[in-house]
Amino acid sequence: MAPQKRSRRYEDEDEIVAVESASSSLRHDIQRKKARISINGTSASKVRSARKPRPSSSSDSEDGLIGDEEENSGLPNATQYEILRDGDFQHLRNPVLDDQIQTQKFLRRRQLVGDNHAADNAIIQEITCYNFMCHTHLNVKLGPLINFVVGMNGSGKSAVLTAITLCLGGKASSTNRGSSLKSLIKSGADQASLVIKLKNEGNDAYQRDIYGNTIIIERNFSRSGTSGYKLKNENGRTVTSKKGDVDELIEYYQLQVENPMNVLTQDAAKSFITSSTPSEKYDFFVKGVQLEALDNDYKLLCETCDTIAHKLENSASDIEALKKSAEAAIEKSKLAREREGMRAKLKNISRQAAWSQVGDVERKLEEKEALISEAQNQIDRQQQIFEEKSNIFEQTEQLLERSRENARHIDNEMEPLRQEEVKAKETYKEATGEAQKVHTESRTIRASLVGHQKKVNDLNKGITEETQRLADINGGSRARMQAQIQDAENALVNAKMALDQNENELPRLDEKRVTAQQELKKLETVLNQKRQEMEAARKRLQELQNDRPDVMAGYDPNLPHLLTLISREHRFREPPVGPMGKYIKLLNPVWSNLIETQLNSSLSSFIVTSKHDQVLLMNLIKQSRVAYCPVIISSKRSPIDTTGNEPDPQFETILRVLEIENDLVRNQLIINQAIEQSILIPKGSAAYEIMFRSGSKPRNVRECYSLNESNRGWGIRYGWIGQRKNLEDQSGIRYHLKKPRMKTNSDSAIKHQEALVAQLTQEKSKAENDYNQARGNIQKCQNAIVQHKKEFQKLKVALQRAEETAENLQTDLDRDSVGDGRLEALKTLLIEAESNLRIDQDSYGNVVLEKERLNAIAEDKKRLLDEAKGALAEQEAKLKKANGKVQNHIQARKVALEEKNLAETQVEDAQRLKAKAIAKRDQQAEQVLDFTNQASRVSARVPIDEGETSASLGTKVSKLKKTLEEYKRQQGADDNVIHEAALEADQIYKNAKAGRKEIEELLDLLKRSFQKRIVMFRKFQQHISSRSRINFNYLLSERAFRGKLTIDHKTKKLDVHVEPDETTKSGKGRQTKTLSGGEKSFSSICLLLSLWEAMGAPLRCLDEFDVFMDDVNRDVSTKMIISAARRSVGRQFILITPKALGAGAADAEDVHIIKLIDPRAKGQARIDEMMQEG
């Protein structure tokens, strides 16, 4: 603990002590209370003015103070204190006499004071700043007495004063340089340091054995807000880093850096010197000379005395009550000694009761042994059931293996059928290719036939014209015959064209029939798919409606066995979490297939928290034969905060439609699947617009999923790809249509499934209608082909008849013709053209026959292909049936496994029951042993009286105890308790009586101390006021000024009146506002020095005191300050000025001038220089 703060005295020993020795220590021992200053809204000053002044001497006596207290005891504490403190200011009634006394002392002191010399301690030797304000490194070494810090703006003058304030415990706000410490750190730096070396020599040094001759105070602070102190010894070793130790050092040396008169900052100096009002000057005065601090301490002491007196008054009745209580307890103790009756009988019966309880617990022990035997029998029965269920499980395992083998065999037999189908497809394709080639050839022949037909028609036309010419010569019979021939030939041409048209129509009909058959096959596939979807949807709806669906149906069949193994395994450091789908509930069933597909294997995964658990779980997975079960290691247990990373609330995300029960599962899905940034939009068009056409990417959206409205088995993903994720991507997602692995809300799932069944019913009905319509189209195509073939035969017969008719007519004509040669030439050409035409007709007929043959072959190959497909479909049906049996056997195996596990669980339950029975038996045995030990402590085993039980004995004991308790109730407690209570009550009474006496003595001591301190306060107030006035007048006289310092403690004002010698010699001085700037500054300096002279602090600082002075006033003020400082022997002065001192000021040894480096010498340029360079 630091020594008490030292006392400083002025040179004349009979003088009042200085302010630092007069301050009270109550501030450190008792919590400061807020003083009351009014009564029902009436100020204390009004109360004082309402009372008549009481005459008293300049130095009030203690008797007078006591009388004031009695006279004003009915007033509130704060008002009483103010009246006691001020005494109606009778001690200040004669300021002229006080000033005369102080003048004599002042003159006598001037003769006694020796030369100025440095103090042994409390002297700042050196100041060092690192990254402070605008200085990277600033070091200033100070002299022990008078220091002038001189330098240009920005050189660090005010930084020195600010560093002293902060390093010696001051606040940043009191420096007027910044609101916080971090605002004073140099730009570009993260932390700053301040170091002060303090002289610590002499007999009254502070813990010199620890710190040595120098104490180093270091304060560090950073931009993050951290701040700390260090106290080091003269060798630089850290002694302590506690703020309280620094405060003790500052308090010991009275380095009052936050006292506005001790350290006058630049702003405070300007305000005090140039513009302070009388009230502000008075505030500076009472704070600087510590009158305000003393007032607060004495006010607290007064309130403490009142509080103690009030508590003593209230506790007077408590002492009397304690006295009565002690007397009553002593009387009860006397009565308790007179009763020593029924205890012997109670003791004997208590022994029997104790050993009767031992007999009871021994009988219960025998019952526990019987329960163990029954539990073993139950274990044997359950073990037999378990073996039976194990045999059934093995049988179902064998059946399952055989059904799987049969399914594999059927699957192997499908391969030849698939190859046969492929071969049939190739053969059919080859046959249709040949038919297509013939069809192309027929079109070529038909084109040639049309050309020859045209040539024949042209020759016939020429022959007709020639015949008509001859007819005109020979008469009209030949013309009529030629007309008949022409009609017959036209009929022949028409018949040929009709036959050709009929023949050309056949490939189109065949093609139409093939197209209809293909369409029928597609519709059949669609219909079968719809029927399967419909059946699956109905089964799912039945599961939801009739019973709770099997939550494990969507997982591997062996997963229940794995979960059983996990539950039995005790080597896990933490139980695995899984499968993940078990902890997920889907809130919107519409997205079931899409989310199941996207999360895929994640839903079947397990999560562990260590490599050890992962290896152990993988072994269990192999043991249980689970086909695919990923194991994920996760170390993050706390839930991931997705706030700020999720899309706008208007969008549904995968995370928002899921209710996840486990934080590990949620974290993994966020990390691996980004479910918080995957939005869900039902309509694809809306999703496309939002993702790609909204002008910018949606905030916090990685991808988007939508439903495929045209194909329920598919979903759609919208996202971005590429290295910069700037390329639009739209892809399909094919659903894995399996049983769901996630849980859903039962009601919403049923509604969704009912809507799905209704929709599938409509789609199935539409597919059936389309299928029936396609079958009708095929029948129509087949009927059209049959009708076409019949029409072909009819046209072929008509063509033959038309040819015969034309030939007969031509023969008759030739027989009767008498041509001239030209007609014969035309007929010759006609015969040649008709020959070519017949060749084309024959070729076309052959091609038609070849087409029919090849079509028939294609039909045959088509039939073979259909047969191959039918065989394959039949084999697929067999495989489906075999797989159905496999599923049935799997379900049977599952049931058998559950029954086996249940039987095994029942065996384990029976074993646990037995273990519990054994534990209870052991517990009962321990209870028997415990009861025996307890009874043995009561007595040796005693026989129990005939017919007595523990209950009857307990009743007797209770009756006896009740009787004794009645005596106790009458007495109030047990005998020992009564005796102890009597002693305790008597001791409490004696202690309370002694404690009250001590408090009364303390109160009396405090009151006497308070009375003395108030007398000293008045003397100090009187002394400090008159001393300040005398010092002020003396300092004015240094420049031949006259003036007056008025200190009015009633109105709390301090005013200055100055009369320069050049003015008229009137007795009334001028107020400072009528003075010139230099005169005003000089007067304020005089006031400041007079107050300094009245103070006792070892350190006095003033910043830019001469900023408003002319050179004359500045030189006078500087010399006056130096002179006043020399009279304050041992005090250290730090005076800051931007201007150099006058000649001779620095010649004395006790004056130390510190010239700070011009900032321009460090490379900085003036503003006008920078403007010229620009």
# chains A, B, ... in the order shown; residues from 1 in each chain; ligands from 1
>>> residues_around(residues="A:Gln254", least_positions_apart="2", cutoff="7 Å", atoms="only C-alpha atoms", output="list of chain:residue names")
A:Glu20, A:Ile250, A:Glu251, A:Tyr252, A:Gln256, A:Ala1097
>>> write_last_selection(atoms="N, CA and C atoms", output="tab-separated table (two decimals), in the first residue's frame")
chain	number	residue	atom	x	y	z
A	20	GLU	N	-3.10	20.76	-0.70
A	20	GLU	CA	-3.02	19.31	-0.91
A	20	GLU	C	-3.00	18.55	0.40
A	250	ILE	N	0.03	9.57	-8.29
A	250	ILE	CA	-0.41	10.93	-8.62
A	250	ILE	C	-0.98	11.62	-7.39
A	251	GLU	N	-1.76	10.87	-6.60
A	251	GLU	CA	-2.35	11.44	-5.38
A	251	GLU	C	-1.26	11.78	-4.36
A	252	TYR	N	-0.25	10.94	-4.28
A	252	TYR	CA	0.84	11.15	-3.31
A	252	TYR	C	1.59	12.44	-3.61
A	256	GLN	N	-1.99	17.34	-9.95
A	256	GLN	CA	-3.40	17.54	-10.31
A	256	GLN	C	-3.50	18.03	-11.76
A	1097	ALA	N	0.37	22.91	-5.44
A	1097	ALA	CA	0.73	21.81	-6.34
A	1097	ALA	C	2.16	22.00	-6.83
>>> residues_around(residues="A:Arg941", least_positions_apart="6", cutoff="9 Å", atoms="only C-alpha atoms", output="list in words")
Arg351, Gln352, Trp355, Thr932 and Ala935 of chain A
>>> write_last_selection(atoms="N, CA and C atoms", output="PDB file, in the first residue's frame")
ATOM      1  N   ARG A 351     -33.689 -49.004  20.858  1.00  0.00           N
ATOM      2  CA  ARG A 351     -32.824 -50.109  20.455  1.00  0.00           C
ATOM      3  C   ARG A 351     -33.621 -51.208  19.775  1.00  0.00           C
ATOM      4  N   GLN A 352     -34.745 -51.589  20.409  1.00  0.00           N
ATOM      5  CA  GLN A 352     -35.578 -52.633  19.787  1.00  0.00           C
ATOM      6  C   GLN A 352     -36.113 -52.172  18.424  1.00  0.00           C
ATOM      7  N   TRP A 355     -33.356 -52.600  15.741  1.00  0.00           N
ATOM      8  CA  TRP A 355     -33.100 -53.975  15.277  1.00  0.00           C
ATOM      9  C   TRP A 355     -34.335 -54.596  14.625  1.00  0.00           C
ATOM     10  N   THR A 932     -27.840 -52.687   9.723  1.00  0.00           N
ATOM     11  CA  THR A 932     -27.163 -53.439  10.793  1.00  0.00           C
ATOM     12  C   THR A 932     -26.106 -52.562  11.455  1.00  0.00           C
ATOM     13  N   ALA A 935     -27.845 -49.944  13.490  1.00  0.00           N
ATOM     14  CA  ALA A 935     -28.392 -50.523  14.727  1.00  0.00           C
ATOM     15  C   ALA A 935     -27.269 -50.880  15.686  1.00  0.00           C
TER      16      ALA A 935
END
>>> residues_around(residues="A:Lys881", least_positions_apart="6", cutoff="10 Å", atoms="only C-alpha atoms", output="ChimeraX atom specification")
/A:407,875,887
>>> closest_atom_pairs(of="stretch 653-724 of chain A", to="stretch 564-583 of chain A", cutoff="12 Å", atoms="only C-alpha atoms", output="tab-separated table")
residue	atom	partner	partner_atom	distance
A:Leu658	CA	A:Tyr583	CA	10.0
A:Glu659	CA	A:Tyr583	CA	8.3
A:Ile660	CA	A:Tyr583	CA	5.9
A:Glu661	CA	A:Tyr583	CA	5.3
A:Asn662	CA	A:Tyr583	CA	6.3
A:Asp663	CA	A:Tyr583	CA	9.7
A:Leu664	CA	A:Val577	CA	7.9
A:Val665	CA	A:Met580	CA	6.1
A:Arg666	CA	A:Met580	CA	9.1
A:Asn667	CA	A:Met580	CA	11.3
A:Gln668	CA	A:Met580	CA	9.5
A:Leu669	CA	A:Met580	CA	9.4
>>> atom_distance(atom1="atom CA of A:Glu832", atom2="atom CA of A:Leu799")
20.0 Å
>>> atom_distance(atom1="atom CA of A:Asn116", atom2="atom CA of A:Ser1028")
21.0 Å
>>> select_by_dssp(residues="stretch 179-418 of chain A", states="helix (DSSP H, G or I)", output="ChimeraX atom specification")
/A:181-184,208-211,243-253,266-275,278-288,291-336,343-418
>>> residues_around(residues="A:Gln436", least_positions_apart="5", cutoff="10 Å", atoms="only C-alpha atoms", output="list in words")
Glu430, Ala431, Glu441, Ser442, Pro507, Lys851, Leu854 and Asn855 of chain A
>>> write_last_selection(atoms="C-alpha atoms", output="PDB file, in the first residue's frame")
ATOM      1  CA  GLU A 430     -33.339 -54.089 -94.694  1.00  0.00           C
ATOM      2  CA  ALA A 431     -36.695 -55.290 -96.141  1.00  0.00           C
ATOM      3  CA  GLU A 441     -37.716 -47.484-109.611  1.00  0.00           C
ATOM      4  CA  SER A 442     -41.474 -47.533-110.167  1.00  0.00           C
ATOM      5  CA  PRO A 507     -47.102 -47.153-100.985  1.00  0.00           C
ATOM      6  CA  LYS A 851     -43.397 -53.932-104.702  1.00  0.00           C
ATOM      7  CA  LEU A 854     -41.318 -56.808-101.090  1.00  0.00           C
ATOM      8  CA  ASN A 855     -44.155 -55.245 -99.076  1.00  0.00           C
TER       9      ASN A 855
END
>>> atom_distance(atom1="atom CA of A:Gln673", atom2="atom CA of A:Val626")
23.7 Å
>>> residues_around(residues="A:Lys880", least_positions_apart="4", cutoff="10 Å", atoms="only C-alpha atoms", output="compact mmCIF listing (two decimals) with C-alpha atoms, in the first residue's frame")
# COMPACT_ATOMS: atom_id res chain seq x y z
CA ALA A 407 -34.48 -62.95 -61.11
CA ILE A 410 -34.51 -64.50 -66.03
CA ASP A 411 -32.46 -61.37 -66.58
CA GLU A 874 -43.16 -61.45 -71.95
CA GLN A 875 -39.68 -62.05 -70.53
CA GLU A 876 -39.70 -58.55 -69.01
CA GLY A 884 -41.88 -58.56 -57.27
CA LYS A 885 -41.19 -61.83 -55.52
CA VAL A 886 -37.78 -60.48 -54.52
>>> select_by_dssp(residues="stretch 228-284 of chain A", states="strand (DSSP E)", output="MDAnalysis selection string")
chainID A and resid 228:232 238:240 263:264
>>> write_last_selection(atoms="all heavy atoms", output="CSV table (one decimal), in the first residue's frame")
chain,number,residue,atom,x,y,z
A,228,GLY,N,-3.6,1.2,-21.4
A,228,GLY,CA,-3.0,0.6,-20.2
A,228,GLY,C,-1.8,1.4,-19.7
A,228,GLY,O,-1.2,2.2,-20.4
A,229,TYR,N,-1.5,1.3,-18.4
A,229,TYR,CA,-0.4,2.0,-17.8
A,229,TYR,C,0.6,1.0,-17.3
A,229,TYR,O,0.4,-0.2,-17.1
A,229,TYR,CB,-0.9,2.7,-16.5
A,229,TYR,CG,-1.7,4.0,-16.8
A,229,TYR,CD1,-3.1,3.9,-17.0
A,229,TYR,CD2,-1.2,5.2,-16.9
A,229,TYR,CE1,-3.9,5.0,-17.2
A,229,TYR,CE2,-1.9,6.3,-17.2
A,229,TYR,CZ,-3.3,6.2,-17.3
A,229,TYR,OH,-4.0,7.3,-17.6
A,230,LYS,N,1.9,1.5,-17.2
A,230,LYS,CA,3.0,0.8,-16.6
A,230,LYS,C,3.8,1.7,-15.7
A,230,LYS,O,4.1,2.9,-16.1
A,230,LYS,CB,3.9,0.2,-17.7
A,230,LYS,CG,3.2,-1.0,-18.5
A,230,LYS,CD,4.2,-1.5,-19.5
A,230,LYS,CE,3.6,-2.7,-20.3
A,230,LYS,NZ,4.5,-3.2,-21.3
A,231,LEU,N,4.1,1.2,-14.5
A,231,LEU,CA,5.1,2.0,-13.7
A,231,LEU,C,6.4,1.2,-13.6
A,231,LEU,O,6.4,0.0,-13.3
A,231,LEU,CB,4.5,2.1,-12.3
A,231,LEU,CG,3.3,3.1,-12.1
A,231,LEU,CD1,2.9,3.1,-10.6
A,231,LEU,CD2,3.8,4.5,-12.5
A,232,LYS,N,7.5,1.8,-14.0
A,232,LYS,CA,8.8,1.2,-14.1
A,232,LYS,C,9.7,1.8,-13.1
A,232,LYS,O,9.6,3.0,-12.8
A,232,LYS,CB,9.3,1.2,-15.5
A,232,LYS,CG,8.4,0.5,-16.5
A,232,LYS,CD,9.0,0.6,-17.9
A,232,LYS,CE,8.1,-0.1,-19.0
A,232,LYS,NZ,8.7,0.0,-20.3
A,238,THR,N,9.4,-3.2,-15.3
A,238,THR,CA,8.0,-2.9,-15.0
A,238,THR,C,7.7,-3.4,-13.5
A,238,THR,O,8.0,-4.6,-13.2
A,238,THR,CB,7.1,-3.6,-15.9
A,238,THR,OG1,7.3,-3.1,-17.3
A,238,THR,CG2,5.6,-3.3,-15.6
A,239,VAL,N,7.2,-2.5,-12.7
A,239,VAL,CA,6.8,-2.8,-11.3
A,239,VAL,C,5.4,-3.2,-11.2
A,239,VAL,O,5.0,-4.1,-10.6
A,239,VAL,CB,7.2,-1.6,-10.4
A,239,VAL,CG1,6.7,-1.9,-9.0
A,239,VAL,CG2,8.7,-1.4,-10.4
A,240,THR,N,4.5,-2.4,-11.9
A,240,THR,CA,3.1,-2.7,-11.9
A,240,THR,C,2.4,-2.1,-13.1
A,240,THR,O,3.0,-1.2,-13.8
A,240,THR,CB,2.4,-2.0,-10.6
A,240,THR,OG1,1.0,-2.3,-10.6
A,240,THR,CG2,2.6,-0.5,-10.6
A,263,VAL,N,-2.9,22.9,-14.9
A,263,VAL,CA,-2.6,22.7,-16.3
A,263,VAL,C,-3.6,23.5,-17.1
A,263,VAL,O,-4.7,23.1,-17.3
A,263,VAL,CB,-2.6,21.2,-16.7
A,263,VAL,CG1,-2.2,21.1,-18.2
A,263,VAL,CG2,-1.6,20.4,-15.8
A,264,LEU,N,-3.2,24.7,-17.5
A,264,LEU,CA,-4.1,25.6,-18.3
A,264,LEU,C,-3.8,25.3,-19.8
A,264,LEU,O,-2.7,25.7,-20.3
A,264,LEU,CB,-3.8,27.0,-17.9
A,264,LEU,CG,-5.0,28.0,-18.0
A,264,LEU,CD1,-6.1,27.5,-17.1
A,264,LEU,CD2,-4.6,29.4,-17.6
>>> residues_around(residues="stretch 778-785 of chain A", least_positions_apart="5", cutoff="8 Å", atoms="only C-alpha atoms", output="list in words")
Leu506, Leu509, Asp510, Lys512, Arg513, Ala516 and Gln517 of chain A
>>> residues_around(residues="stretch 756-770 of chain A", least_positions_apart="4", cutoff="6 Å", atoms="only C-alpha atoms", output="list in words")
Leu527, Lys530, Met534 and Ala537 of chain A
>>> closest_residue(among="A:Phe285, A:Tyr1034, A:Tyr844, A:Phe1017", to="A:Ile445", atoms="only C-alpha atoms")
A:Tyr844
>>> closest_residue(among="A:Arg741, A:Ser710, A:Ser624, A:Glu369", to="A:Asn600", atoms="only C-alpha atoms")
A:Arg741
>>> closest_residue(among="A:Lys243, A:Lys197, A:Arg1131, A:Lys347", to="A:Lys956", atoms="only C-alpha atoms")
A:Lys347
>>> closest_residue(among="A:Gln1132, A:Ser179, A:Asn933, A:Ser835", to="A:Gln125", atoms="only C-alpha atoms")
A:Gln1132
>>> closest_residue(among="A:Leu84, A:Leu1156, A:Met1095, A:Ile319", to="A:Cys302", atoms="only C-alpha atoms")
A:Leu84
>>> decode(residues="stretch 621-641 of chain A", atoms="N, CA, C and O atoms", output="mmCIF file, in the first residue's frame")
data_model
loop_
_atom_site.group_PDB
_atom_site.id
_atom_site.type_symbol
_atom_site.label_atom_id
_atom_site.label_comp_id
_atom_site.auth_asym_id
_atom_site.auth_seq_id
_atom_site.Cartn_x
_atom_site.Cartn_y
_atom_site.Cartn_z
ATOM 1 N N ILE A 621 -20.972 -50.563 -41.572
ATOM 2 C CA ILE A 621 -21.676 -50.545 -42.865
ATOM 3 C C ILE A 621 -21.334 -51.798 -43.669
ATOM 4 O O ILE A 621 -22.207 -52.444 -44.269
ATOM 5 N N LYS A 622 -20.038 -52.163 -43.679
ATOM 6 C CA LYS A 622 -19.649 -53.402 -44.368
ATOM 7 C C LYS A 622 -20.290 -54.613 -43.711
ATOM 8 O O LYS A 622 -20.756 -55.523 -44.389
ATOM 9 N N GLN A 623 -20.340 -54.602 -42.397
ATOM 10 C CA GLN A 623 -20.907 -55.733 -41.671
ATOM 11 C C GLN A 623 -22.397 -55.889 -41.955
ATOM 12 O O GLN A 623 -22.911 -56.993 -42.055
ATOM 13 N N SER A 624 -23.110 -54.775 -42.101
ATOM 14 C CA SER A 624 -24.556 -54.830 -42.348
ATOM 15 C C SER A 624 -24.896 -54.958 -43.831
ATOM 16 O O SER A 624 -26.066 -55.063 -44.186
ATOM 17 N N ARG A 625 -23.876 -54.907 -44.733
ATOM 18 C CA ARG A 625 -24.062 -55.083 -46.173
ATOM 19 C C ARG A 625 -24.944 -54.001 -46.783
ATOM 20 O O ARG A 625 -25.743 -54.268 -47.688
ATOM 21 N N VAL A 626 -24.832 -52.811 -46.282
ATOM 22 C CA VAL A 626 -25.530 -51.672 -46.909
ATOM 23 C C VAL A 626 -24.744 -51.287 -48.163
ATOM 24 O O VAL A 626 -23.527 -51.066 -48.106
ATOM 25 N N ALA A 627 -25.428 -51.231 -49.305
ATOM 26 C CA ALA A 627 -24.748 -51.081 -50.596
ATOM 27 C C ALA A 627 -24.011 -49.751 -50.701
ATOM 28 O O ALA A 627 -22.835 -49.708 -51.022
ATOM 29 N N TYR A 628 -24.686 -48.639 -50.439
ATOM 30 C CA TYR A 628 -24.060 -47.321 -50.617
ATOM 31 C C TYR A 628 -24.481 -46.424 -49.472
ATOM 32 O O TYR A 628 -25.672 -46.124 -49.315
ATOM 33 N N CYS A 629 -23.511 -46.016 -48.678
ATOM 34 C CA CYS A 629 -23.820 -45.189 -47.499
ATOM 35 C C CYS A 629 -22.613 -44.305 -47.199
ATOM 36 O O CYS A 629 -21.707 -44.694 -46.469
ATOM 37 N N PRO A 630 -22.545 -43.081 -47.776
ATOM 38 C CA PRO A 630 -21.401 -42.193 -47.523
ATOM 39 C C PRO A 630 -21.336 -41.775 -46.057
ATOM 40 O O PRO A 630 -22.362 -41.634 -45.380
ATOM 41 N N VAL A 631 -20.118 -41.555 -45.574
ATOM 42 C CA VAL A 631 -19.881 -41.094 -44.203
ATOM 43 C C VAL A 631 -19.102 -39.780 -44.282
ATOM 44 O O VAL A 631 -18.028 -39.723 -44.883
ATOM 45 N N ILE A 632 -19.647 -38.733 -43.678
ATOM 46 C CA ILE A 632 -19.077 -37.386 -43.742
ATOM 47 C C ILE A 632 -18.560 -37.004 -42.366
ATOM 48 O O ILE A 632 -19.211 -37.255 -41.353
ATOM 49 N N ILE A 633 -17.363 -36.395 -42.335
ATOM 50 C CA ILE A 633 -16.796 -35.884 -41.079
ATOM 51 C C ILE A 633 -17.081 -34.387 -41.002
ATOM 52 O O ILE A 633 -16.776 -33.643 -41.926
ATOM 53 N N SER A 634 -17.690 -33.985 -39.912
ATOM 54 C CA SER A 634 -18.013 -32.564 -39.724
ATOM 55 C C SER A 634 -17.564 -32.159 -38.339
ATOM 56 O O SER A 634 -17.832 -32.844 -37.361
ATOM 57 N N SER A 635 -16.866 -31.030 -38.278
ATOM 58 C CA SER A 635 -16.397 -30.521 -36.982
ATOM 59 C C SER A 635 -17.207 -29.337 -36.505
ATOM 60 O O SER A 635 -17.080 -28.902 -35.373
ATOM 61 N N LYS A 636 -18.032 -28.745 -37.397
ATOM 62 C CA LYS A 636 -18.803 -27.544 -37.039
ATOM 63 C C LYS A 636 -20.114 -27.981 -36.410
ATOM 64 O O LYS A 636 -20.954 -28.597 -37.056
ATOM 65 N N ARG A 637 -20.278 -27.661 -35.101
ATOM 66 C CA ARG A 637 -21.478 -28.077 -34.398
ATOM 67 C C ARG A 637 -22.519 -26.969 -34.323
ATOM 68 O O ARG A 637 -23.702 -27.235 -34.379
ATOM 69 N N SER A 638 -22.062 -25.745 -34.176
ATOM 70 C CA SER A 638 -23.019 -24.647 -34.068
ATOM 71 C C SER A 638 -23.658 -24.393 -35.430
ATOM 72 O O SER A 638 -23.013 -24.565 -36.469
ATOM 73 N N PRO A 639 -24.932 -24.004 -35.452
ATOM 74 C CA PRO A 639 -25.612 -23.781 -36.734
ATOM 75 C C PRO A 639 -24.996 -22.632 -37.518
ATOM 76 O O PRO A 639 -24.608 -21.614 -36.949
ATOM 77 N N ILE A 640 -24.882 -22.812 -38.834
ATOM 78 C CA ILE A 640 -24.335 -21.772 -39.701
ATOM 79 C C ILE A 640 -25.358 -20.645 -39.815
ATOM 80 O O ILE A 640 -26.538 -20.883 -40.082
ATOM 81 N N ASP A 641 -24.887 -19.426 -39.614
ATOM 82 C CA ASP A 641 -25.766 -18.261 -39.731
ATOM 83 C C ASP A 641 -25.822 -17.841 -41.205
ATOM 84 O O ASP A 641 -24.831 -17.403 -41.774
#
